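Peer 1: Here you go, final_13.txt (compact mmCIF, C-alpha atoms):
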```txt
# COMPACT_ATOMS: atom_id res chain seq x y z
CA MET A 1 61.68 61.05 -30.73
CA ARG A 2 59.72 60.30 -33.87
CA ASN A 3 57.12 62.83 -35.02
CA ARG A 4 53.47 61.89 -34.95
CA SER A 5 50.90 63.45 -37.25
CA LEU A 6 47.96 65.39 -35.82
CA LEU A 7 45.66 62.88 -37.49
CA ALA A 8 47.30 59.94 -35.73
CA LEU A 9 47.19 61.66 -32.34
CA THR A 10 43.53 62.53 -32.85
CA ALA A 11 42.71 58.95 -33.69
CA ILE A 12 44.51 57.72 -30.59
CA ALA A 13 42.64 60.16 -28.37
CA ALA A 14 39.33 59.20 -29.92
CA THR A 15 39.69 55.46 -29.59
CA GLY A 16 41.41 55.35 -26.21
CA THR A 17 43.24 52.23 -27.38
CA LEU A 18 46.63 51.75 -28.95
CA THR A 19 47.51 48.85 -31.19
CA LEU A 20 50.87 47.76 -32.45
CA THR A 21 49.66 47.17 -35.98
CA ALA A 22 47.96 50.53 -36.50
CA CYS A 23 50.17 53.02 -34.75
CA GLY A 24 53.76 52.99 -35.68
CA SER A 25 55.60 49.96 -34.35
CA ARG A 26 57.85 48.40 -36.92
CA ALA A 27 56.83 45.05 -38.38
CA THR A 28 59.26 43.15 -40.52
CA THR A 29 59.14 39.71 -42.04
CA THR A 30 62.11 37.49 -41.28
CA GLY A 31 62.26 33.85 -42.25
CA GLY A 32 58.53 33.71 -42.83
CA THR A 33 57.62 35.05 -39.36
CA ASN A 34 56.10 38.39 -38.53
CA ASN A 35 58.58 40.19 -36.28
CA VAL A 36 57.19 43.08 -34.23
CA THR A 37 59.41 45.61 -32.46
CA VAL A 38 58.12 47.00 -29.19
CA THR A 39 59.68 49.65 -26.97
CA ILE A 40 60.48 49.69 -23.27
CA GLY A 41 60.70 53.31 -22.22
CA VAL A 42 63.18 54.44 -19.59
CA ASP A 43 62.74 57.55 -17.47
CA ALA A 44 65.57 58.66 -15.17
CA PRO A 45 67.83 61.65 -14.46
CA LEU A 46 70.44 61.11 -17.17
CA THR A 47 72.09 64.49 -16.68
CA GLY A 48 72.66 66.65 -13.63
CA SER A 49 73.45 65.85 -10.03
CA LEU A 50 71.73 62.42 -9.91
CA SER A 51 72.99 61.15 -13.26
CA ALA A 52 75.30 58.64 -11.54
CA LEU A 53 72.17 56.73 -10.53
CA GLY A 54 70.16 57.50 -13.65
CA LEU A 55 72.76 56.22 -16.10
CA GLY A 56 72.98 52.96 -14.17
CA ILE A 57 69.22 52.57 -14.63
CA GLN A 58 69.41 53.34 -18.36
CA ASN A 59 72.32 50.99 -19.02
CA SER A 60 70.82 48.10 -17.06
CA VAL A 61 67.58 48.30 -19.03
CA ASP A 62 69.59 48.42 -22.24
CA LEU A 63 71.37 45.24 -21.16
CA ALA A 64 68.08 43.48 -20.37
CA VAL A 65 66.73 44.35 -23.81
CA LYS A 66 69.87 43.12 -25.55
CA ASN A 67 69.86 39.86 -23.61
CA ALA A 68 66.18 39.27 -24.32
CA ASN A 69 66.69 39.79 -28.04
CA LYS A 70 69.81 37.62 -28.11
CA ALA A 71 67.96 34.76 -26.42
CA ASN A 72 64.84 35.28 -28.55
CA GLU A 73 63.00 35.44 -25.24
CA VAL A 74 59.65 36.19 -26.87
CA PRO A 75 59.57 34.64 -30.36
CA GLY A 76 58.41 37.09 -32.99
CA ILE A 77 58.99 40.12 -30.77
CA THR A 78 62.06 42.35 -30.70
CA PHE A 79 62.56 44.79 -27.82
CA LYS A 80 64.26 48.15 -27.89
CA ALA A 81 64.89 50.72 -25.16
CA GLU A 82 63.95 54.40 -25.39
CA PRO A 83 65.58 56.49 -22.61
CA LEU A 84 64.33 59.93 -21.63
CA ASP A 85 65.99 62.35 -19.21
CA ASP A 86 63.67 63.67 -16.48
CA LYS A 87 66.41 65.83 -14.89
CA LYS A 88 64.91 64.81 -11.50
CA SER A 89 62.09 67.25 -12.29
CA PRO A 90 58.42 66.26 -11.76
CA GLN A 91 57.38 68.60 -14.56
CA GLN A 92 59.86 67.04 -16.99
CA GLY A 93 58.81 63.59 -15.84
CA GLN A 94 55.20 64.32 -16.66
CA GLN A 95 56.21 65.58 -20.10
CA ASN A 96 58.23 62.41 -20.64
CA ALA A 97 55.25 60.30 -19.61
CA THR A 98 53.09 62.09 -22.18
CA THR A 99 55.75 61.52 -24.84
CA LEU A 100 56.00 57.81 -24.05
CA VAL A 101 52.22 57.37 -24.08
CA ALA A 102 52.05 59.04 -27.50
CA ASP A 103 54.54 56.54 -28.94
CA ALA A 104 52.31 53.52 -29.49
CA SER A 105 55.25 51.13 -29.77
CA VAL A 106 55.96 51.70 -26.05
CA ILE A 107 54.60 48.69 -24.16
CA GLY A 108 56.06 49.44 -20.71
CA VAL A 109 58.28 51.92 -18.88
CA VAL A 110 61.10 51.46 -16.37
CA GLY A 111 61.54 54.34 -13.93
CA PRO A 112 61.69 56.87 -12.55
CA LEU A 113 64.34 57.26 -9.85
CA ASN A 114 62.61 59.91 -7.73
CA SER A 115 59.30 59.38 -5.94
CA SER A 116 58.30 63.01 -6.55
CA VAL A 117 58.78 62.47 -10.30
CA ALA A 118 56.75 59.25 -10.17
CA ALA A 119 53.84 61.07 -8.56
CA SER A 120 53.66 63.38 -11.58
CA MET A 121 53.68 60.49 -14.08
CA GLN A 122 51.37 57.88 -12.58
CA LYS A 123 48.02 59.20 -13.81
CA VAL A 124 49.34 59.79 -17.34
CA PHE A 125 50.46 56.16 -17.59
CA ASN A 126 47.41 54.79 -15.80
CA ASP A 127 44.98 56.56 -18.13
CA ALA A 128 46.76 54.87 -21.06
CA ASN A 129 47.04 51.44 -19.38
CA LEU A 130 50.81 51.75 -19.84
CA VAL A 131 52.60 49.70 -17.21
CA GLU A 132 55.34 51.44 -15.22
CA VAL A 133 57.89 49.56 -13.09
CA SER A 134 60.21 51.62 -10.91
CA PRO A 135 63.51 50.16 -9.69
CA ALA A 136 64.03 52.90 -7.12
CA ASN A 137 60.88 54.64 -5.84
CA THR A 138 60.38 54.07 -2.11
CA GLY A 139 57.63 56.61 -1.32
CA VAL A 140 54.84 54.54 0.24
CA ALA A 141 51.88 56.60 -1.00
CA LEU A 142 52.70 55.75 -4.62
CA THR A 143 51.26 52.27 -4.13
CA GLN A 144 49.27 52.40 -0.89
CA GLY A 145 47.62 55.82 -1.12
CA PRO A 146 47.92 59.02 0.94
CA ASP A 147 46.35 57.57 4.10
CA TRP A 148 48.55 54.47 4.36
CA ALA A 149 50.13 55.70 7.62
CA LYS A 150 46.66 55.81 9.20
CA GLY A 151 46.16 52.17 8.32
CA VAL A 152 43.99 52.91 5.28
CA LYS A 153 45.69 51.36 2.26
CA ALA A 154 44.23 51.87 -1.20
CA ARG A 155 46.11 51.39 -4.45
CA PRO A 156 45.84 54.62 -6.47
CA PHE A 157 47.00 53.37 -9.89
CA LYS A 158 46.87 49.79 -11.16
CA SER A 159 49.51 50.45 -13.84
CA TYR A 160 52.25 51.24 -11.29
CA PHE A 161 54.64 48.60 -9.90
CA ARG A 162 58.08 48.65 -8.31
CA THR A 163 60.91 46.23 -7.65
CA ALA A 164 62.33 48.29 -4.75
CA THR A 165 60.89 48.06 -1.27
CA THR A 166 59.26 51.06 0.44
CA ASP A 167 60.09 53.61 3.10
CA ALA A 168 57.48 51.99 5.34
CA ILE A 169 60.23 49.39 5.80
CA GLN A 170 63.40 51.38 5.04
CA GLY A 171 62.87 54.13 7.64
CA PRO A 172 62.13 51.76 10.55
CA PHE A 173 64.97 49.44 9.46
CA ALA A 174 67.41 52.37 9.70
CA ALA A 175 65.93 53.48 13.03
CA SER A 176 66.37 50.02 14.50
CA TYR A 177 69.97 49.89 13.32
CA ALA A 178 70.78 53.33 14.74
CA PHE A 179 69.15 52.67 18.12
CA ASN A 180 69.98 49.01 18.69
CA ASP A 181 73.26 48.52 16.82
CA LEU A 182 74.89 51.95 16.99
CA LYS A 183 73.35 52.73 20.40
CA LYS A 184 72.38 56.21 19.24
CA LYS A 185 69.67 57.79 21.38
CA LYS A 186 69.34 61.41 20.24
CA VAL A 187 68.85 62.24 16.58
CA TYR A 188 68.62 65.47 14.60
CA LEU A 189 66.37 65.09 11.55
CA VAL A 190 66.91 66.88 8.24
CA ASP A 191 65.01 66.54 4.95
CA ASN A 192 65.15 68.18 1.53
CA GLN A 193 61.41 69.01 1.44
CA LEU A 194 60.74 66.58 -1.41
CA ALA A 195 58.39 63.58 -1.29
CA TYR A 196 61.12 60.96 -0.84
CA GLY A 197 63.04 62.80 1.85
CA VAL A 198 60.03 63.91 3.88
CA GLY A 199 58.45 60.45 3.79
CA LEU A 200 61.66 58.66 4.74
CA VAL A 201 62.30 60.92 7.73
CA ALA A 202 58.71 60.48 8.91
CA THR A 203 58.92 56.69 9.00
CA PHE A 204 62.35 56.81 10.65
CA LYS A 205 61.08 59.25 13.28
CA ASP A 206 58.07 57.11 14.18
CA GLU A 207 60.12 53.99 14.79
CA PHE A 208 63.02 55.75 16.52
CA THR A 209 60.72 57.34 19.10
CA LYS A 210 58.87 54.03 19.59
CA LEU A 211 62.20 52.46 20.49
CA GLY A 212 62.83 55.16 23.09
CA GLY A 213 64.98 57.54 21.09
CA THR A 214 64.77 61.33 21.38
CA ILE A 215 64.33 63.85 18.59
CA ALA A 216 66.84 66.63 19.28
CA GLY A 217 65.47 68.84 16.52
CA GLN A 218 64.39 68.93 12.91
CA ASP A 219 65.24 71.16 9.97
CA HIS A 220 64.63 71.36 6.22
CA VAL A 221 67.10 72.28 3.50
CA VAL A 222 66.56 73.44 -0.05
CA ASP A 223 67.27 70.69 -2.55
CA GLY A 224 70.42 71.61 -4.48
CA ALA A 225 71.67 74.21 -2.00
CA SER A 226 75.39 74.61 -1.31
CA ASP A 227 75.48 76.38 2.06
CA TYR A 228 74.15 74.38 5.00
CA SER A 229 75.69 76.51 7.75
CA SER A 230 72.34 77.37 9.33
CA THR A 231 71.41 73.70 9.65
CA VAL A 232 74.89 72.82 10.91
CA ALA A 233 74.59 75.43 13.67
CA LYS A 234 71.24 74.00 14.76
CA ILE A 235 72.61 70.46 14.82
CA LYS A 236 75.62 71.50 16.94
CA ALA A 237 73.41 73.36 19.41
CA SER A 238 70.99 70.43 19.74
CA GLY A 239 73.35 67.97 21.41
CA ALA A 240 72.32 65.21 18.99
CA ASP A 241 74.58 62.17 18.74
CA PHE A 242 73.81 61.63 15.04
CA VAL A 243 71.92 63.10 12.07
CA TYR A 244 69.36 61.32 9.93
CA PHE A 245 68.91 62.84 6.48
CA GLY A 246 66.03 62.37 4.05
CA GLY A 247 67.16 63.09 0.51
CA GLU A 248 69.96 62.32 -1.93
CA TYR A 249 73.74 62.58 -1.97
CA PRO A 250 74.01 66.02 -3.69
CA ASP A 251 72.74 67.54 -0.42
CA SER A 252 73.83 65.04 2.23
CA GLY A 253 77.46 64.85 1.03
CA PRO A 254 78.15 68.57 1.42
CA LEU A 255 76.09 68.65 4.63
CA THR A 256 78.22 66.04 6.37
CA LYS A 257 81.40 67.79 5.20
CA GLN A 258 80.25 71.13 6.56
CA LEU A 259 79.18 69.48 9.81
CA LYS A 260 82.60 67.89 10.31
CA ASP A 261 84.34 71.12 9.27
CA ALA A 262 82.45 72.81 12.10
CA ASN A 263 84.07 70.31 14.52
CA ASP A 264 80.95 68.26 15.11
CA PRO A 265 82.13 64.66 14.54
CA ILE A 266 78.73 62.95 14.81
CA PRO A 267 77.79 60.54 12.00
CA LEU A 268 75.16 61.21 9.37
CA GLY A 269 72.83 58.47 8.18
CA GLY A 270 70.23 58.29 5.46
CA GLY A 271 68.48 56.14 2.89
CA ASP A 272 69.13 54.71 -0.55
CA GLY A 273 69.30 58.17 -2.12
CA MET A 274 72.64 58.61 -0.35
CA PHE A 275 74.09 55.27 -1.28
CA ASP A 276 76.48 56.09 -4.10
CA PRO A 277 80.25 56.77 -4.30
CA LYS A 278 79.35 60.36 -5.20
CA TYR A 279 78.31 60.88 -1.58
CA ILE A 280 81.82 60.06 -0.42
CA ASP A 281 83.33 62.25 -3.15
CA LEU A 282 81.17 65.23 -2.16
CA ALA A 283 82.03 64.76 1.51
CA GLN A 284 85.71 65.23 0.61
CA GLY A 285 87.14 62.86 3.17
CA LYS A 286 84.63 63.69 5.90
CA ALA A 287 82.16 60.79 5.45
CA GLU A 288 83.99 58.20 7.54
CA GLY A 289 81.53 56.53 9.93
CA ASP A 290 78.43 57.70 8.07
CA PHE A 291 75.85 55.12 7.02
CA ALA A 292 73.02 54.55 4.56
CA THR A 293 70.42 51.91 3.90
CA SER A 294 69.68 50.66 0.41
CA VAL A 295 67.23 48.23 -1.15
CA GLY A 296 68.07 44.54 -1.27
CA ALA A 297 71.30 42.75 -0.50
CA PRO A 298 74.60 43.83 -2.11
CA VAL A 299 74.32 42.73 -5.73
CA GLU A 300 77.93 41.55 -5.68
CA SER A 301 77.06 39.05 -2.92
CA LEU A 302 74.24 37.38 -4.84
CA ASP A 303 74.77 34.25 -6.95
CA SER A 304 71.73 35.36 -8.94
CA ALA A 305 73.57 38.53 -9.99
CA LYS A 306 76.78 36.96 -11.30
CA LYS A 307 75.68 36.84 -14.93
CA PHE A 308 74.27 40.39 -14.76
CA ILE A 309 77.56 41.73 -13.42
CA SER A 310 79.58 39.81 -15.99
CA ASP A 311 77.36 40.92 -18.86
CA TYR A 312 77.35 44.53 -17.67
CA ASN A 313 81.14 44.65 -17.40
CA ALA A 314 81.41 43.14 -20.86
CA GLY A 315 78.90 45.61 -22.27
CA GLY A 316 81.31 48.51 -22.41
CA TYR A 317 79.09 50.90 -20.45
CA SER A 318 80.87 54.08 -19.39
CA ALA A 319 78.92 54.41 -16.12
CA PRO A 320 78.58 51.79 -13.35
CA TYR A 321 75.28 50.01 -12.73
CA ALA A 322 75.21 51.80 -9.36
CA ALA A 323 72.67 51.21 -6.58
CA TYR A 324 69.70 50.34 -8.79
CA GLY A 325 71.28 48.42 -11.67
CA GLY A 326 70.03 44.99 -10.64
CA TYR A 327 66.56 46.34 -9.86
CA SER A 328 66.46 48.15 -13.21
CA TYR A 329 67.36 44.97 -15.07
CA ASP A 330 64.66 43.11 -13.14
CA SER A 331 62.12 45.88 -13.82
CA ALA A 332 62.74 45.62 -17.55
CA TRP A 333 62.66 41.82 -17.38
CA ALA A 334 59.32 41.96 -15.54
CA ILE A 335 57.90 43.83 -18.54
CA ILE A 336 59.45 41.25 -20.88
CA GLU A 337 57.90 38.43 -18.83
CA ALA A 338 54.49 40.12 -18.97
CA VAL A 339 54.79 40.52 -22.74
CA LYS A 340 55.76 36.85 -23.01
CA ALA A 341 52.71 35.79 -21.00
CA VAL A 342 50.38 37.94 -23.08
CA ALA A 343 51.76 36.59 -26.36
CA ALA A 344 51.58 32.98 -25.14
CA ALA A 345 47.93 33.42 -24.20
CA ASN A 346 47.16 34.85 -27.64
CA GLY A 347 48.57 32.27 -30.01
CA GLY A 348 52.10 33.66 -29.92
CA LYS A 349 51.10 37.17 -30.99
CA LEU A 350 50.28 40.37 -29.13
CA PRO A 351 46.56 41.26 -28.99
CA SER A 352 45.06 44.37 -30.49
CA ASN A 353 45.32 46.22 -27.16
CA PRO A 354 48.70 45.08 -25.85
CA ARG A 355 49.11 47.74 -23.17
CA ALA A 356 46.01 46.75 -21.21
CA ALA A 357 46.92 43.07 -21.51
CA VAL A 358 50.50 43.64 -20.34
CA GLU A 359 49.24 45.76 -17.44
CA ALA A 360 46.95 42.92 -16.35
CA ALA A 361 49.67 40.28 -16.79
CA MET A 362 52.16 42.18 -14.64
CA ALA A 363 50.25 41.33 -11.46
CA ASN A 364 51.08 37.64 -11.98
CA VAL A 365 54.72 38.01 -12.98
CA ASN A 366 57.00 35.80 -10.92
CA PHE A 367 60.57 34.91 -11.88
CA SER A 368 64.09 34.50 -10.52
CA GLY A 369 65.85 37.74 -11.26
CA VAL A 370 69.15 39.45 -10.59
CA THR A 371 68.00 40.54 -7.13
CA GLY A 372 66.17 37.34 -6.22
CA THR A 373 62.54 36.38 -6.74
CA VAL A 374 60.64 39.14 -8.52
CA SER A 375 56.90 39.35 -7.92
CA PHE A 376 54.36 41.91 -6.74
CA ASP A 377 51.72 42.09 -4.04
CA GLN A 378 48.18 43.49 -4.30
CA TYR A 379 49.48 47.07 -4.20
CA GLY A 380 52.11 46.59 -6.91
CA ASP A 381 54.88 46.56 -4.29
CA ALA A 382 57.81 44.18 -4.47
CA THR A 383 57.44 41.05 -2.38
CA ASN A 384 61.21 41.19 -1.76
CA LYS A 385 61.51 43.34 1.39
CA GLN A 386 65.24 42.96 2.01
CA LEU A 387 67.45 45.96 2.87
CA THR A 388 71.12 46.49 3.68
CA VAL A 389 72.97 48.95 5.90
CA TYR A 390 76.21 50.29 4.39
CA GLY A 391 78.87 52.25 6.26
CA VAL A 392 81.73 54.41 5.03
CA LYS A 393 84.99 52.72 6.00
CA GLY A 394 88.35 53.58 4.50
CA GLY A 395 86.71 55.92 2.02
CA LYS A 396 84.38 53.27 0.59
CA TRP A 397 80.88 51.96 1.20
CA VAL A 398 81.02 48.63 2.99
CA ALA A 399 78.03 46.34 3.61
CA ILE A 400 77.37 46.00 7.34
CA LYS A 401 74.05 44.28 7.83
CA SER A 402 71.27 42.86 5.65
CA GLY A 403 67.75 42.01 6.72
CA SER A 404 64.18 43.25 6.77
CA PHE A 405 62.15 45.23 9.27
CA THR A 406 59.59 43.03 10.98
CA GLY A 407 58.40 45.24 13.82
```
How does the structure come out when it is put into C-alpha cells?

Peer 2:
Amino acid sequence: MRNRSLLALTAIAATGTLTLTACGSRATTTGGTNNVTVTIGVDAPLTGSLSALGLGIQNSVDLAVKNANKANEVPGITFKAEPLDDKKSPQQGQQNATTLVADASVIGVVGPLNSSVAASMQKVFNDANLVEVSPANTGVALTQGPDWAKGVKARPFKSYFRTATTDAIQGPFAASYAFNDLKKKKVYLVDNQLAYGVGLVATFKDEFTKLGGTIAGQDHVVDGASDYSSTVAKIKASGADFVYFGGEYPDSGPLTKQLKDANDPIPLGGGDGMFDPKYIDLAQGKAEGDFATSVGAPVESLDSAKKFISDYNAGGYSAPYAAYGGYSYDSAWAIIEAVKAVAAANGGKLPSNPRAAVEAAMANVNFSGVTGTVSFDQYGDATNKQLTVYGVKGGKWVAIKSGSFTG
C-alpha cells in the first residue's frame, strides 16, 4: 500500500470528507480529457484454509475492473482493484477496512467472505461513507439488525450492501429440503461458534422443528480443529439420521470423514460455506451423499453468465471463480454502476465528495448481471433470493434443486 503523510491523514480526519482531486488519486490527461483513476478495494481470505473461495472473489473483481476499463464504461474514469488479505480474521478485516478508508482513491469495496469479518468492518466503512458490497455474507443481522428474528428489523449501516441472499432464507430452505425431499426427521446440529455458523444453524433449527422434525442433539466445534472425535461420538449416540453443520469446509470436510470412519453412514448437510471442491477433497472419499445449499442458481446454467465464464477462462487466472465468482463480479459492477450514475448526474465528472454520492446511488442500482437482476431492498439485501441444493455424487458437487424459501 502507498504511504500517506501524517499531514494528509490529519487533514482527512479534520474534514471528514475525501475528494479525488485533493487526496492521492491519479489524474492524467489523455486526448484532451481528464482521466481519473479510482480504486475498488477487495477484502477476502487470500491465504489460508478459505483461500479457494477468497481467490475466486479477488479474480472476479479483477475481471470486472478490466472489462469496465476495456469498454470505457464510465468515460473519463479508470478503475483499478486493490486486494487485501483478511485471513478470515475479524481483527485483520478491521485493519484492512481502516487501510482502505485511508486510501482516498478507494471509492467502494467488494467483500468480505465471512460474516464475522464483515461485522468488524461495517462501522469503519460507514463512518467514512465508503460503500461495501459483499458477494458472500449471509448473516442476517448485518443488514437487518440484532433483533431481526424477533420481527424488529432495523438497518444498522447504510453503506453496507450484499449480492448474496441471507441465512433467513438459506437455513429454512435447507430444512425444507432435508425434511420434505430427503425425508429426514431427526437431525444433530453442529456449528463452529462463529457468526455465520451459529446464525445458519439457528434458522435451520427453527424451520426444521416447525415442519415436525426432531433435534437429536447439538454441539459446537472449534474453528480450525482437526480432531472431532468427541462430536462424532455424540452424533453416533444420538440416533440422528443426518447432521446439519454451520460453518465452512475446513471443519465440515474432516468432520464427515471422521463420522464415516466411525461407521456412522448418515449424511452431513450445510450451507454455502461448505460448497467448494475442497470439502470433497478434505472428506477423502467419504462425502458421498452429503449436501450443501449455496446462493443463486448454478452459474454454469445461466445464460447471463456465459460471457463471465468465457472471459474468466480466457483471463489466465490460476484459481477457479468458485462459489462466489459471479456474485463478486456483480458486486464490483454494482459499484461501477453507482459511479456511472454519480458521474452522469454531475456533468460527467465525480463530485467533490464521491464516496457519499456513490453510497447514496447504490440504493438505486439495478442492472442485468452475471447472476441475474442485481438490485437491493431497503436493508441493502439482494432482491435475488434464489438458492440451490447441491449433493455429492460420484465425487463431485451436482446441482439437485433450485428455488427460494417462501414459508

Peer 1: Measuring atom to atom with only C-alpha atoms, identify which of A:Gly380, A:Gly253, A:Gly273, A:Gly212 is nearest to Gly145 (chain A).

Peer 2: A:Gly380

Peer 1: Which residues of region 329-367 of chain A sit at most 9 Å from region 72-88 of chain A, using all atoms listed in the file? Give each one's shortest atom pair and distance in Å (one decimal place), in chain and ascending residue order, as CSV.

Peer 2:
```
residue,atom,partner,partner_atom,distance
A:Ile336,CA,A:Val74,CA,7.8
A:Glu337,CA,A:Val74,CA,8.5
A:Val339,CA,A:Val74,CA,7.7
A:Lys340,CA,A:Val74,CA,5.5
A:Ala343,CA,A:Val74,CA,7.9
A:Ala344,CA,A:Val74,CA,8.9
A:Gly348,CA,A:Pro75,CA,7.5
A:Lys349,CA,A:Gly76,CA,7.6
A:Leu350,CA,A:Ile77,CA,8.9
```

Peer 1: Show me, as number ranges by chain, the residues that have an atom within 9 Å of Gln94 (chain A) when counting all atoms listed in the file, minus same-chain residues fewer than 4 positions from it.

Peer 2: A: 86, 89-90, 98-99, 117-122, 124

Peer 1: Determine the axis-aligned bounding box of all atoms of region 339-355 of chain A present in the file, pad each side by 8 Å, and express its centre and edge lengths in Å to one decimal place as JSON.

Peer 2:
```
{"center_x": 50.4, "center_y": 40.0, "center_z": -26.0, "size_x": 26.7, "size_y": 31.5, "size_z": 26.0}
```

Peer 1: Return the single residue from A:Gly213, A:Pro267, A:Pro254, A:Gly111 that is closest to Ser229 (chain A), with distances computed using only C-alpha atoms.

Peer 2: A:Pro254

Peer 1: Here is a test: counting all atoms listed in the file, which residue of A:Ala237, A:Val106, A:Val222, A:Leu189 is nearest to Ala128 (chain A)?

Peer 2: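 Looking only at the distances to Ala128 (chain A), the closest residue turns out to be A:Val106.
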
Peer 1: Can you work out which one of A:Ser230, A:Ile169, A:Glu248, A:Gln284 has the shortest atom-to-atom distance to Thr406 (chain A), counting all atoms listed in the file?

Peer 2: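 Nearest candidate to Thr406 (chain A) out of A:Ser230, A:Ile169, A:Glu248, A:Gln284: A:Ile169.
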
Peer 1: Check the smallest atom-to-atom distance from each of A:Val133, A:Ala233, A:Ala216, A:Val187 to Ala332 (chain A) using only C-alpha atoms, then report the winner.

Peer 2: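 Residue with the minimum atom-to-atom distance to Ala332 (chain A): A:Val133.
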
Peer 1: Of the candidates A:Ile40, A:Lys184, A:Gly285, A:Gln170, which one gets nearest to Lys66 (chain A) if we count all atoms listed in the file?

Peer 2: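 Smallest distance to Lys66 (chain A) is found for A:Ile40.
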
Peer 1: At what distance in Å, to one decimal, does CA of Lys153 (chain A) lie from CA of Gly108 (chain A)?

Peer 2: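 These two atoms are separated by 25.3 Å.
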
Peer 1: So what do you get for CA of Gln58 (chain A) versus CA of Tyr317 (chain A), distance-wise?

Peer 2: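 These two atoms are separated by 10.2 Å.
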
Peer 1: Kindly give the distance, in Å, that separates CA of Phe367 (chain A) and CA of Tyr327 (chain A), rounded to a single decimal.

Peer 2: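 The value is 13.1 Å.
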
Peer 1: List as a JSON list (two decimals) with C-alpha atoms, in the frame of the given file the protein and nucleic acid residues near region 157-161 of chain A, meaning an atom at most 12 Å away when all atoms listed in the file are counted, but skip any in the same chain fewer than 6 places from it.

Peer 2:
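Just written: part_27.json:
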```
[["chain", "number", "residue", "atom", "x", "y", "z"],
["A", 107, "ILE", "CA", 54.60, 48.69, -24.16],
["A", 108, "GLY", "CA", 56.06, 49.44, -20.71],
["A", 109, "VAL", "CA", 58.28, 51.92, -18.88],
["A", 110, "VAL", "CA", 61.10, 51.46, -16.37],
["A", 111, "GLY", "CA", 61.54, 54.34, -13.93],
["A", 112, "PRO", "CA", 61.69, 56.87, -12.55],
["A", 118, "ALA", "CA", 56.75, 59.25, -10.17],
["A", 119, "ALA", "CA", 53.84, 61.07, -8.56],
["A", 121, "MET", "CA", 53.68, 60.49, -14.08],
["A", 122, "GLN", "CA", 51.37, 57.88, -12.58],
["A", 123, "LYS", "CA", 48.02, 59.20, -13.81],
["A", 124, "VAL", "CA", 49.34, 59.79, -17.34],
["A", 125, "PHE", "CA", 50.46, 56.16, -17.59],
["A", 126, "ASN", "CA", 47.41, 54.79, -15.80],
["A", 127, "ASP", "CA", 44.98, 56.56, -18.13],
["A", 128, "ALA", "CA", 46.76, 54.87, -21.06],
["A", 129, "ASN", "CA", 47.04, 51.44, -19.38],
["A", 130, "LEU", "CA", 50.81, 51.75, -19.84],
["A", 131, "VAL", "CA", 52.60, 49.70, -17.21],
["A", 132, "GLU", "CA", 55.34, 51.44, -15.22],
["A", 133, "VAL", "CA", 57.89, 49.56, -13.09],
["A", 134, "SER", "CA", 60.21, 51.62, -10.91],
["A", 135, "PRO", "CA", 63.51, 50.16, -9.69],
["A", 136, "ALA", "CA", 64.03, 52.90, -7.12],
["A", 137, "ASN", "CA", 60.88, 54.64, -5.84],
["A", 138, "THR", "CA", 60.38, 54.07, -2.11],
["A", 140, "VAL", "CA", 54.84, 54.54, 0.24],
["A", 141, "ALA", "CA", 51.88, 56.60, -1.00],
["A", 142, "LEU", "CA", 52.70, 55.75, -4.62],
["A", 143, "THR", "CA", 51.26, 52.27, -4.13],
["A", 144, "GLN", "CA", 49.27, 52.40, -0.89],
["A", 145, "GLY", "CA", 47.62, 55.82, -1.12],
["A", 330, "ASP", "CA", 64.66, 43.11, -13.14],
["A", 331, "SER", "CA", 62.12, 45.88, -13.82],
["A", 332, "ALA", "CA", 62.74, 45.62, -17.55],
["A", 334, "ALA", "CA", 59.32, 41.96, -15.54],
["A", 335, "ILE", "CA", 57.90, 43.83, -18.54],
["A", 355, "ARG", "CA", 49.11, 47.74, -23.17],
["A", 356, "ALA", "CA", 46.01, 46.75, -21.21],
["A", 357, "ALA", "CA", 46.92, 43.07, -21.51],
["A", 358, "VAL", "CA", 50.50, 43.64, -20.34],
["A", 359, "GLU", "CA", 49.24, 45.76, -17.44],
["A", 360, "ALA", "CA", 46.95, 42.92, -16.35],
["A", 361, "ALA", "CA", 49.67, 40.28, -16.79],
["A", 362, "MET", "CA", 52.16, 42.18, -14.64],
["A", 363, "ALA", "CA", 50.25, 41.33, -11.46],
["A", 364, "ASN", "CA", 51.08, 37.64, -11.98],
["A", 365, "VAL", "CA", 54.72, 38.01, -12.98],
["A", 374, "VAL", "CA", 60.64, 39.14, -8.52],
["A", 375, "SER", "CA", 56.90, 39.35, -7.92],
["A", 376, "PHE", "CA", 54.36, 41.91, -6.74],
["A", 377, "ASP", "CA", 51.72, 42.09, -4.04],
["A", 378, "GLN", "CA", 48.18, 43.49, -4.30],
["A", 379, "TYR", "CA", 49.48, 47.07, -4.20],
["A", 380, "GLY", "CA", 52.11, 46.59, -6.91],
["A", 381, "ASP", "CA", 54.88, 46.56, -4.29],
["A", 382, "ALA", "CA", 57.81, 44.18, -4.47],
["A", 383, "THR", "CA", 57.44, 41.05, -2.38]]
```

Peer 1: Give me the residues near Ala178 (chain A) as a list of chain:residue names, where near means some atom within 9 Å (using all atoms listed in the file) and where sequence neighbours in that chain fewer than 5 positions away do not count.

Peer 2: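 In the requested format, the answer is A:Phe173, A:Lys183, A:Lys184, A:Lys185, A:Phe208, A:Phe242, A:Gly269.
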
Peer 1: Set the distance at 7 Å and use only C-alpha atoms: which residues neighbour Ala175 (chain A) once local chain neighbours fewer than 3 positions away are removed? I'd like the list as a ChimeraX atom specification.

Peer 2: /A:171-172,178-179,204,207-208

Peer 1: Select all residues near (79.5, 71.3, 13.0) (cut-off 12 Å, inclusive, file coordinates), counting only C-alpha atoms, and output them as a ChimeraX atom specification.

Peer 2: /A:228-243,254-268,286
